[in-house]
Amino acid sequence: MGEIGRYALLAAAIVALYGLVVSVLGLRWRHGGLLESARRAVTVWALLIALASAALFAAFLGRDFSVRFVAGASETTQSLFYTVAAFWGGHDGALLLWALILAGYMVAGVRGLRDYPDLQGPAVATLFVIAAFFSLLLASASNPFVPLIPPPPDGQGLNPLLRNPWMAAHPPTLYLGFVGMSVPFALVVAALVTGRLDDTWILLSRRWVILAWLFLTLGLLFGAKWSYVVLGWGGYWAWDPVENAAFMPWLTATAWLHSIQIQERRGMLATWNVALLLITFGLTIFGTFLVRSGVLSSIHAFAQSPIGYFFLAFLAVLLVGSFALLAWRWDLLHSRGTVESVISRETAFLANNLLFVSAAVVVFLGTIFPAITEATSGVKINVGPGYFNMVMVPIAVGILLLMGIGPLLPWRKATPEQLARNFTWPAAAAVLVAAGLAAGGVRSTGALLVFALVVFVGATIALEAARGTAVRTRRGEPLPVAVWRLLARNRRRYGGYTVHLGILLMLVGIAGSSAFATQSQALLRPGERFTAGRYTLEFIGLSGREEPGIDITTATVRVWAGARFLGTVRPERLFYRTQEQPMHHVTIRSSPREDLYVILSEWEPDGRAMIRVLIHPLVLWLWAGGFVIALGVVLAVLPETWRRPVPHPATAARGLPLSAQGTSGAP
């Protein structure tokens, strides 16, 4: 399998370079045959990457330890599930996964542009720039099929930290988000190359960005869940550099999804939208660089590798080239409308953009600050969570406030009567809830503010939906029919509102678990009890067992909430013999109210055990919010009667209005 994979990657690199050359020459010479050949090369390249991926999967399943990557990420005792997940358990396999996902996106993206040949040609050339870079890396410096001679009798096994279902899902999902930005990037480059900077590229890019944004969101949540259940510290976000690397393109993509509404409605912020999409894709490459360069320390990062600097050079070429195109086409991106009033939806969207971009800048500076200080002074000064929380919390509050204000402000200019009609009831609901929580004993100012704003935004969404439903019921439609038709005929709007509701649920979980979390621990003998919050825990004793390659120590603990017996929990410590690495296996009892998080920290030879307990209120709402966001995205991307982008008049018919010479013998 190693030879098949190596030859497939070498052939893929050749085809990618061929596709890049013929697509560029086809554009320069307006040669239809060359451009058609480039389109066919996309399919050939995708098949070769798929063949290499299949060869690597087969090597893992066949325990082929003559392949160095397989020997380093699997062992004979490893389960089938984690043997498959080991495909992306190291940077060579992860890069091949990157290329495999890119292959799927390229095939789908090029096919989706078949009615827009004027944009298709430059987009194919741009995608082949990306494909050629990854193909060359995979065929040379990061080849996952490097042989290991002589092959060992057993492999080293997957890093125990990665042996968790959430971590198995986290990299592929995050890569679907990272790589998903490649098609919109190619579209905006194509629009700049052709000068076709009307709304067509926006409409073609929108669904791609939404899907990539969803995968980024889920990837971040899966990573947070992994951190929560595996690392044993009880948290889900630590402002780790690699976490930040995935968060930054999420921020700029979110800004873009809001900003394009102004361009579509008022013909404004066209330059913003081009720049935001260029930056978003650049940040995905930057994130991949951080994971592989070893410049910054992170529990998520791969070992230091020189290929990180290839990514940095590639990123520089992409950004310089794309922003040079933006400067070249600057005059074509003038705004057709202007901001007519400070109190208007345009102003709210612009402020929203500024806040999201500011957040991305803050995270970027905090992430690279250790590298800057090391390069300038020789001393690496890390930036802790305190910096990020201090700066990001006010920005998040501002974004949350605009989330409620923006949709209810009219375009152009708001009158006092409109403001009173739209915001009286939501504001009153927010004040009443804040007062009620304060009277009920909530003393955290930050939590009160977040909960009040969540109610305010939720009320604005409910008010908007109620008004739309009322219009339909006045026409004689029954209430269930009115609600269904309102959603079905305004999927984009209410899909966005559903996403906002998911964000609100997540904020409830974040605020509750951050402001009200408590923890305690006790060293207990069998039969002893201790109290943590409203819970009483009784330590029964320790037991041990062995599984293939793993020694497991289990603590049995009974739990009561007041006088009510909740059951028995069994936190564990696992010791992986091959890697000589210990791991926590925490137990978590989740409810909408709170999580009870129990950890076996350590134990003594006489049978005593240190039991650590954390109580995290409202964490379940964080994970539930991710589910609601996914529902909102599905609703937003379903077809509806919005306007479809119109093919360029000169290329409305299928095929290229170019010379068809030289089509024989093309891939």
# chains A, B, ... in the order shown; residues from 1 in each chain; ligands from 1
>>> residues_around(residues="stretch 237-243 of chain A", least_positions_apart="4", cutoff="10 Å", atoms="only C-alpha atoms", output="PyMOL selection string")
chain A and resi 220-221+223-225+227-228+247-248+287-291+296-301+363-364+366-368+383-389+510
>>> write_last_selection(atoms="N, CA and C atoms", output="mmCIF file, in the first residue's frame")
data_model
loop_
_atom_site.group_PDB
_atom_site.id
_atom_site.type_symbol
_atom_site.label_atom_id
_atom_site.label_comp_id
_atom_site.auth_asym_id
_atom_site.auth_seq_id
_atom_site.Cartn_x
_atom_site.Cartn_y
_atom_site.Cartn_z
ATOM 1 N N LEU A 220 -15.237 23.738 16.530
ATOM 2 C CA LEU A 220 -14.874 24.403 17.778
ATOM 3 C C LEU A 220 -15.597 23.773 18.965
ATOM 4 N N LEU A 221 -16.877 23.464 18.785
ATOM 5 C CA LEU A 221 -17.647 22.852 19.870
ATOM 6 C C LEU A 221 -17.158 21.444 20.180
ATOM 7 N N GLY A 223 -14.150 20.341 19.748
ATOM 8 C CA GLY A 223 -12.888 20.506 20.462
ATOM 9 C C GLY A 223 -13.104 20.927 21.904
ATOM 10 N N ALA A 224 -14.086 21.808 22.136
ATOM 11 C CA ALA A 224 -14.405 22.224 23.504
ATOM 12 C C ALA A 224 -14.933 21.052 24.322
ATOM 13 N N LYS A 225 -15.761 20.220 23.694
ATOM 14 C CA LYS A 225 -16.295 19.050 24.393
ATOM 15 C C LYS A 225 -15.171 18.078 24.728
ATOM 16 N N SER A 227 -12.015 18.820 25.266
ATOM 17 C CA SER A 227 -11.270 19.411 26.370
ATOM 18 C C SER A 227 -12.012 19.212 27.687
ATOM 19 N N TYR A 228 -13.321 19.301 27.641
ATOM 20 C CA TYR A 228 -14.160 19.205 28.847
ATOM 21 C C TYR A 228 -14.161 17.798 29.427
ATOM 22 N N PHE A 247 -10.698 29.948 15.834
ATOM 23 C CA PHE A 247 -11.706 30.946 16.203
ATOM 24 C C PHE A 247 -11.623 32.186 15.316
ATOM 25 N N MET A 248 -10.401 32.565 14.904
ATOM 26 C CA MET A 248 -10.249 33.800 14.127
ATOM 27 C C MET A 248 -10.976 33.765 12.789
ATOM 28 N N GLY A 287 -3.894 29.310 10.530
ATOM 29 C CA GLY A 287 -4.174 28.332 11.573
ATOM 30 C C GLY A 287 -3.467 27.019 11.323
ATOM 31 N N THR A 288 -3.438 26.592 10.067
ATOM 32 C CA THR A 288 -2.728 25.363 9.733
ATOM 33 C C THR A 288 -1.230 25.529 9.979
ATOM 34 N N PHE A 289 -0.708 26.709 9.709
ATOM 35 C CA PHE A 289 0.699 27.007 10.003
ATOM 36 C C PHE A 289 0.990 26.893 11.501
ATOM 37 N N LEU A 290 0.110 27.456 12.338
ATOM 38 C CA LEU A 290 0.336 27.415 13.777
ATOM 39 C C LEU A 290 0.394 25.990 14.305
ATOM 40 N N VAL A 291 -0.490 25.117 13.782
ATOM 41 C CA VAL A 291 -0.555 23.741 14.259
ATOM 42 C C VAL A 291 0.738 23.005 13.959
ATOM 43 N N LEU A 296 4.390 28.156 18.505
ATOM 44 C CA LEU A 296 3.667 28.385 19.740
ATOM 45 C C LEU A 296 3.344 27.055 20.403
ATOM 46 N N SER A 297 3.365 27.037 21.709
ATOM 47 C CA SER A 297 3.080 25.814 22.452
ATOM 48 C C SER A 297 1.581 25.625 22.577
ATOM 49 N N SER A 298 1.133 24.398 22.318
ATOM 50 C CA SER A 298 -0.284 24.088 22.407
ATOM 51 C C SER A 298 -0.448 22.597 22.583
ATOM 52 N N ILE A 299 -1.413 22.210 23.394
ATOM 53 C CA ILE A 299 -1.702 20.791 23.559
ATOM 54 C C ILE A 299 -2.286 20.200 22.286
ATOM 55 N N HIS A 300 -2.833 21.058 21.415
ATOM 56 C CA HIS A 300 -3.458 20.601 20.173
ATOM 57 C C HIS A 300 -2.456 20.470 19.026
ATOM 58 N N ALA A 301 -1.283 21.075 19.163
ATOM 59 C CA ALA A 301 -0.382 21.192 18.022
ATOM 60 C C ALA A 301 0.373 19.892 17.780
ATOM 61 N N VAL A 363 -7.618 38.670 19.195
ATOM 62 C CA VAL A 363 -7.215 37.273 19.343
ATOM 63 C C VAL A 363 -5.900 37.023 18.599
ATOM 64 N N PHE A 364 -5.769 37.605 17.411
ATOM 65 C CA PHE A 364 -4.544 37.433 16.625
ATOM 66 C C PHE A 364 -3.328 37.976 17.379
ATOM 67 N N GLY A 366 -2.979 38.573 20.612
ATOM 68 C CA GLY A 366 -2.705 37.790 21.801
ATOM 69 C C GLY A 366 -2.082 36.443 21.492
ATOM 70 N N THR A 367 -2.438 35.883 20.337
ATOM 71 C CA THR A 367 -1.918 34.567 19.955
ATOM 72 C C THR A 367 -0.463 34.644 19.528
ATOM 73 N N ILE A 368 -0.116 35.647 18.736
ATOM 74 C CA ILE A 368 1.257 35.711 18.211
ATOM 75 C C ILE A 368 2.203 36.485 19.126
ATOM 76 N N VAL A 383 0.649 35.093 26.761
ATOM 77 C CA VAL A 383 -0.533 35.879 27.104
ATOM 78 C C VAL A 383 -1.579 34.926 27.664
ATOM 79 N N GLY A 384 -2.013 35.166 28.878
ATOM 80 C CA GLY A 384 -2.940 34.263 29.540
ATOM 81 C C GLY A 384 -4.389 34.581 29.248
ATOM 82 N N PRO A 385 -5.298 33.736 29.762
ATOM 83 C CA PRO A 385 -6.736 33.967 29.565
ATOM 84 C C PRO A 385 -7.212 35.313 30.098
ATOM 85 N N GLY A 386 -6.496 35.866 31.097
ATOM 86 C CA GLY A 386 -6.922 37.149 31.651
ATOM 87 C C GLY A 386 -6.976 38.246 30.605
ATOM 88 N N TYR A 387 -5.972 38.279 29.733
ATOM 89 C CA TYR A 387 -5.959 39.289 28.664
ATOM 90 C C TYR A 387 -7.157 39.113 27.742
ATOM 91 N N PHE A 388 -7.361 37.883 27.279
ATOM 92 C CA PHE A 388 -8.451 37.639 26.329
ATOM 93 C C PHE A 388 -9.813 37.946 26.958
ATOM 94 N N ASN A 389 -10.007 37.516 28.196
ATOM 95 C CA ASN A 389 -11.300 37.760 28.838
ATOM 96 C C ASN A 389 -11.535 39.248 29.053
ATOM 97 N N ILE A 510 -22.221 29.566 28.701
ATOM 98 C CA ILE A 510 -20.911 30.142 29.007
ATOM 99 C C ILE A 510 -20.983 31.033 30.236
#
>>> select_by_dssp(residues="stretch 376-576 of chain A", states="strand (DSSP E)", output="ChimeraX atom specification")
/A:518-524,529-532,535-547,550-561,564-569,572-576
>>> write_last_selection(atoms="N, CA and C atoms", output="compact mmCIF listing (two decimals), in the first residue's frame")
# COMPACT_ATOMS: atom_id res chain seq x y z
N THR A 518 -18.31 25.99 40.91
CA THR A 518 -17.67 25.74 42.20
C THR A 518 -16.91 24.43 42.14
N GLN A 519 -15.94 24.26 43.01
CA GLN A 519 -15.20 23.02 43.04
C GLN A 519 -14.71 22.74 44.46
N SER A 520 -14.50 21.45 44.74
CA SER A 520 -13.97 21.04 46.03
C SER A 520 -13.34 19.66 45.85
N GLN A 521 -12.53 19.25 46.82
CA GLN A 521 -11.91 17.94 46.76
C GLN A 521 -11.67 17.44 48.17
N ALA A 522 -11.49 16.13 48.28
CA ALA A 522 -11.25 15.53 49.59
C ALA A 522 -10.49 14.23 49.41
N LEU A 523 -9.60 13.93 50.37
CA LEU A 523 -8.88 12.67 50.40
C LEU A 523 -9.68 11.74 51.32
N LEU A 524 -10.25 10.68 50.75
CA LEU A 524 -11.23 9.86 51.46
C LEU A 524 -10.77 8.42 51.60
N ARG A 529 -17.53 10.18 53.53
CA ARG A 529 -18.33 11.07 52.70
C ARG A 529 -17.79 12.49 52.79
N PHE A 530 -18.15 13.31 51.76
CA PHE A 530 -17.94 14.74 51.86
C PHE A 530 -18.98 15.46 51.02
N THR A 531 -19.14 16.74 51.28
CA THR A 531 -20.20 17.53 50.65
C THR A 531 -19.57 18.52 49.67
N ALA A 532 -20.20 18.62 48.50
CA ALA A 532 -19.81 19.60 47.48
C ALA A 532 -21.07 20.27 46.97
N TYR A 535 -24.52 18.49 46.81
CA TYR A 535 -24.29 17.06 46.64
C TYR A 535 -23.51 16.48 47.82
N THR A 536 -23.81 15.23 48.12
CA THR A 536 -23.04 14.44 49.07
C THR A 536 -22.48 13.24 48.33
N LEU A 537 -21.17 13.01 48.49
CA LEU A 537 -20.51 11.92 47.78
C LEU A 537 -19.88 10.97 48.79
N GLU A 538 -20.07 9.68 48.59
CA GLU A 538 -19.50 8.65 49.43
C GLU A 538 -18.54 7.81 48.60
N PHE A 539 -17.29 7.74 49.06
CA PHE A 539 -16.28 6.94 48.38
C PHE A 539 -16.39 5.49 48.84
N ILE A 540 -16.63 4.57 47.90
CA ILE A 540 -16.80 3.15 48.23
C ILE A 540 -15.47 2.42 48.19
N GLY A 541 -14.64 2.71 47.20
CA GLY A 541 -13.36 2.05 47.12
C GLY A 541 -12.78 2.07 45.72
N LEU A 542 -11.58 1.52 45.58
CA LEU A 542 -10.87 1.46 44.30
C LEU A 542 -10.88 0.03 43.77
N SER A 543 -10.82 -0.08 42.46
CA SER A 543 -10.68 -1.38 41.81
C SER A 543 -9.81 -1.20 40.57
N GLY A 544 -9.18 -2.27 40.13
CA GLY A 544 -8.32 -2.20 38.96
C GLY A 544 -8.63 -3.28 37.96
N ARG A 545 -8.35 -3.01 36.71
CA ARG A 545 -8.51 -4.01 35.66
C ARG A 545 -7.57 -3.67 34.52
N GLU A 546 -7.42 -4.60 33.61
CA GLU A 546 -6.57 -4.39 32.45
C GLU A 546 -7.37 -4.57 31.17
N GLU A 547 -7.07 -3.74 30.19
CA GLU A 547 -7.55 -3.90 28.83
C GLU A 547 -6.31 -3.91 27.93
N ILE A 550 -3.72 -1.15 28.28
CA ILE A 550 -4.16 -0.12 29.22
C ILE A 550 -4.35 -0.72 30.61
N ASP A 551 -3.82 -0.04 31.64
CA ASP A 551 -4.14 -0.35 33.03
C ASP A 551 -5.14 0.68 33.53
N ILE A 552 -6.22 0.22 34.15
CA ILE A 552 -7.32 1.11 34.53
C ILE A 552 -7.57 0.99 36.03
N THR A 553 -7.58 2.13 36.71
CA THR A 553 -7.95 2.20 38.12
C THR A 553 -9.27 2.97 38.23
N THR A 554 -10.25 2.38 38.91
CA THR A 554 -11.60 2.94 38.99
C THR A 554 -11.96 3.24 40.43
N ALA A 555 -12.52 4.42 40.66
CA ALA A 555 -13.08 4.78 41.96
C ALA A 555 -14.60 4.67 41.88
N THR A 556 -15.19 3.99 42.84
CA THR A 556 -16.65 3.88 42.90
C THR A 556 -17.16 4.89 43.92
N VAL A 557 -18.06 5.77 43.49
CA VAL A 557 -18.56 6.87 44.32
C VAL A 557 -20.07 6.94 44.22
N ARG A 558 -20.74 6.96 45.35
CA ARG A 558 -22.19 7.15 45.39
C ARG A 558 -22.50 8.63 45.58
N VAL A 559 -23.58 9.07 44.95
CA VAL A 559 -23.90 10.49 44.93
C VAL A 559 -25.34 10.71 45.37
N TRP A 560 -25.55 11.70 46.26
CA TRP A 560 -26.88 12.15 46.66
C TRP A 560 -27.02 13.65 46.39
N ALA A 561 -28.21 14.07 46.03
CA ALA A 561 -28.56 15.49 45.99
C ALA A 561 -29.57 15.72 47.10
N ARG A 564 -31.99 12.73 48.07
CA ARG A 564 -32.31 11.90 46.90
C ARG A 564 -31.05 11.24 46.36
N PHE A 565 -31.09 9.92 46.26
CA PHE A 565 -29.94 9.17 45.74
C PHE A 565 -29.92 9.27 44.22
N LEU A 566 -28.81 9.76 43.66
CA LEU A 566 -28.71 9.95 42.22
C LEU A 566 -28.09 8.77 41.50
N GLY A 567 -27.35 7.93 42.23
CA GLY A 567 -26.73 6.79 41.59
C GLY A 567 -25.24 6.72 41.91
N THR A 568 -24.56 5.86 41.19
CA THR A 568 -23.14 5.61 41.41
C THR A 568 -22.34 6.06 40.19
N VAL A 569 -21.26 6.78 40.44
CA VAL A 569 -20.37 7.20 39.35
C VAL A 569 -19.02 6.52 39.54
N GLU A 572 -12.22 7.30 36.46
CA GLU A 572 -11.11 6.37 36.26
C GLU A 572 -9.83 7.12 35.93
N ARG A 573 -8.70 6.44 36.19
CA ARG A 573 -7.41 6.86 35.65
C ARG A 573 -6.89 5.73 34.79
N LEU A 574 -6.50 6.06 33.56
CA LEU A 574 -6.00 5.07 32.62
C LEU A 574 -4.51 5.29 32.42
N PHE A 575 -3.79 4.19 32.36
CA PHE A 575 -2.36 4.28 32.07
C PHE A 575 -2.07 3.46 30.81
N TYR A 576 -1.64 4.16 29.74
CA TYR A 576 -1.34 3.51 28.47
C TYR A 576 0.11 3.03 28.52
>>> residues_around(residues="stretch 70-84 of chain A", least_positions_apart="3", cutoff="8 Å", atoms="only C-alpha atoms", output="list in words")
Phe57, Ala59, Phe60, Leu61, Arg63, Asp64, Phe65, Ser66, Val67, Phe87, Gly89, Gly90, Pro152, Asp154, Gly155, Gln156, Gly157, Leu158, Asn159, Arg163, Ala168, Pro548 and Gly549 of chain A
>>> atom_distance(atom1="atom CA of A:Ala246", atom2="atom CA of A:Pro165")
19.4 Å
>>> atom_distance(atom1="atom CA of A:Tyr18", atom2="atom CA of A:Arg114")
20.7 Å
>>> residues_around(residues="stretch 464-478 of chain A", least_positions_apart="3", cutoff="12 Å", atoms="only C-alpha atoms", output="ChimeraX atom specification")
/A:404-409,421-423,425-426,457-461,481-487,489-490,493-495,497-498
>>> write_last_selection(atoms="C-alpha atoms", output="mmCIF file, in the first residue's frame")
data_model
loop_
_atom_site.group_PDB
_atom_site.id
_atom_site.type_symbol
_atom_site.label_atom_id
_atom_site.label_comp_id
_atom_site.auth_asym_id
_atom_site.auth_seq_id
_atom_site.Cartn_x
_atom_site.Cartn_y
_atom_site.Cartn_z
ATOM 1 C CA GLY A 404 -30.995 42.388 19.157
ATOM 2 C CA ILE A 405 -30.942 45.951 17.868
ATOM 3 C CA GLY A 406 -29.920 45.382 14.242
ATOM 4 C CA PRO A 407 -32.821 43.292 12.895
ATOM 5 C CA LEU A 408 -35.461 45.686 14.287
ATOM 6 C CA LEU A 409 -33.905 48.869 12.957
ATOM 7 C CA ARG A 421 -42.698 50.250 18.815
ATOM 8 C CA ASN A 422 -39.818 47.861 18.213
ATOM 9 C CA PHE A 423 -37.865 48.025 21.459
ATOM 10 C CA TRP A 425 -41.329 45.244 25.024
ATOM 11 C CA PRO A 426 -37.915 43.566 24.548
ATOM 12 C CA VAL A 457 -32.346 39.561 21.864
ATOM 13 C CA GLY A 458 -34.679 36.584 22.265
ATOM 14 C CA ALA A 459 -37.609 38.951 22.701
ATOM 15 C CA THR A 460 -36.713 40.890 19.538
ATOM 16 C CA ILE A 461 -36.676 37.613 17.578
ATOM 17 C CA VAL A 481 -50.259 27.155 8.707
ATOM 18 C CA ALA A 482 -49.222 30.791 9.149
ATOM 19 C CA VAL A 483 -46.132 29.823 11.153
ATOM 20 C CA TRP A 484 -45.155 27.105 8.671
ATOM 21 C CA ARG A 485 -45.528 29.353 5.635
ATOM 22 C CA LEU A 486 -43.702 32.202 7.344
ATOM 23 C CA LEU A 487 -40.699 29.936 7.882
ATOM 24 C CA ARG A 489 -41.062 31.416 2.510
ATOM 25 C CA ASN A 490 -38.457 33.304 4.538
ATOM 26 C CA ARG A 493 -34.197 35.246 7.519
ATOM 27 C CA TYR A 494 -35.575 32.774 10.031
ATOM 28 C CA GLY A 495 -32.667 30.432 9.550
ATOM 29 C CA TYR A 497 -32.775 34.007 13.628
ATOM 30 C CA THR A 498 -32.542 30.325 14.590
#
>>> atom_distance(atom1="atom CA of A:Val24", atom2="atom CA of A:Leu187")
15.4 Å
>>> residues_around(residues="A:Arg491", least_positions_apart="5", cutoff="8 Å", atoms="only C-alpha atoms", output="PDB file with C-alpha atoms, in the first residue's frame")
ATOM      1  CA  LEU A 635     -33.023  26.134   7.309  1.00  0.00           C
ATOM      2  CA  ALA A 636     -30.973  29.017   5.896  1.00  0.00           C
ATOM      3  CA  VAL A 637     -29.425  27.046   3.030  1.00  0.00           C
ATOM      4  CA  LEU A 638     -32.571  25.255   1.886  1.00  0.00           C
ATOM      5  CA  GLU A 640     -36.369  29.261  -1.504  1.00  0.00           C
TER       6      GLU A 640
END
>>> residues_around(residues="stretch 257-265 of chain A", least_positions_apart="5", cutoff="9 Å", atoms="only C-alpha atoms", output="list in words")
Asp199, Ile202, Leu203, Arg206, Val209, Ile210, Thr252, Ala270, Trp272, Asn273, Ser335, Arg336, Gly337, Arg345, Glu346, Phe349, Leu350, Asn352, Asn353 and Trp411 of chain A
>>> decode(residues="stretch 514-528 of chain A", atoms="N, CA and C atoms", output="CSV table (one decimal), in the first residue's frame")
chain,number,residue,atom,x,y,z
A,514,SER,N,-19.3,30.0,33.8
A,514,SER,CA,-18.1,30.9,34.2
A,514,SER,C,-18.4,31.6,35.5
A,515,ALA,N,-19.6,32.1,35.7
A,515,ALA,CA,-19.8,32.9,36.9
A,515,ALA,C,-20.2,32.1,38.1
A,516,PHE,N,-20.7,30.9,38.0
A,516,PHE,CA,-21.2,30.2,39.2
A,516,PHE,C,-20.6,28.9,39.4
A,517,ALA,N,-19.5,28.5,38.7
A,517,ALA,CA,-18.9,27.2,38.9
A,517,ALA,C,-18.2,27.2,40.3
A,518,THR,N,-18.3,26.0,40.9
A,518,THR,CA,-17.7,25.7,42.2
A,518,THR,C,-16.9,24.4,42.1
A,519,GLN,N,-15.9,24.3,43.0
A,519,GLN,CA,-15.2,23.0,43.0
A,519,GLN,C,-14.7,22.7,44.5
A,520,SER,N,-14.5,21.5,44.7
A,520,SER,CA,-14.0,21.0,46.0
A,520,SER,C,-13.3,19.7,45.9
A,521,GLN,N,-12.5,19.2,46.8
A,521,GLN,CA,-11.9,17.9,46.8
A,521,GLN,C,-11.7,17.4,48.2
A,522,ALA,N,-11.5,16.1,48.3
A,522,ALA,CA,-11.3,15.5,49.6
A,522,ALA,C,-10.5,14.2,49.4
A,523,LEU,N,-9.6,13.9,50.4
A,523,LEU,CA,-8.9,12.7,50.4
A,523,LEU,C,-9.7,11.7,51.3
A,524,LEU,N,-10.2,10.7,50.7
A,524,LEU,CA,-11.2,9.9,51.5
A,524,LEU,C,-10.8,8.4,51.6
A,525,ARG,N,-11.1,7.8,52.7
A,525,ARG,CA,-11.0,6.4,52.9
A,525,ARG,C,-12.3,5.8,52.5
A,526,PRO,N,-12.3,4.5,52.1
A,526,PRO,CA,-13.6,3.8,51.8
A,526,PRO,C,-14.6,3.9,52.9
A,527,GLY,N,-15.8,4.4,52.5
A,527,GLY,CA,-16.9,4.6,53.4
A,527,GLY,C,-17.1,6.0,53.9
A,528,GLU,N,-16.1,6.9,53.6
A,528,GLU,CA,-16.2,8.3,54.0
A,528,GLU,C,-16.9,9.1,53.0
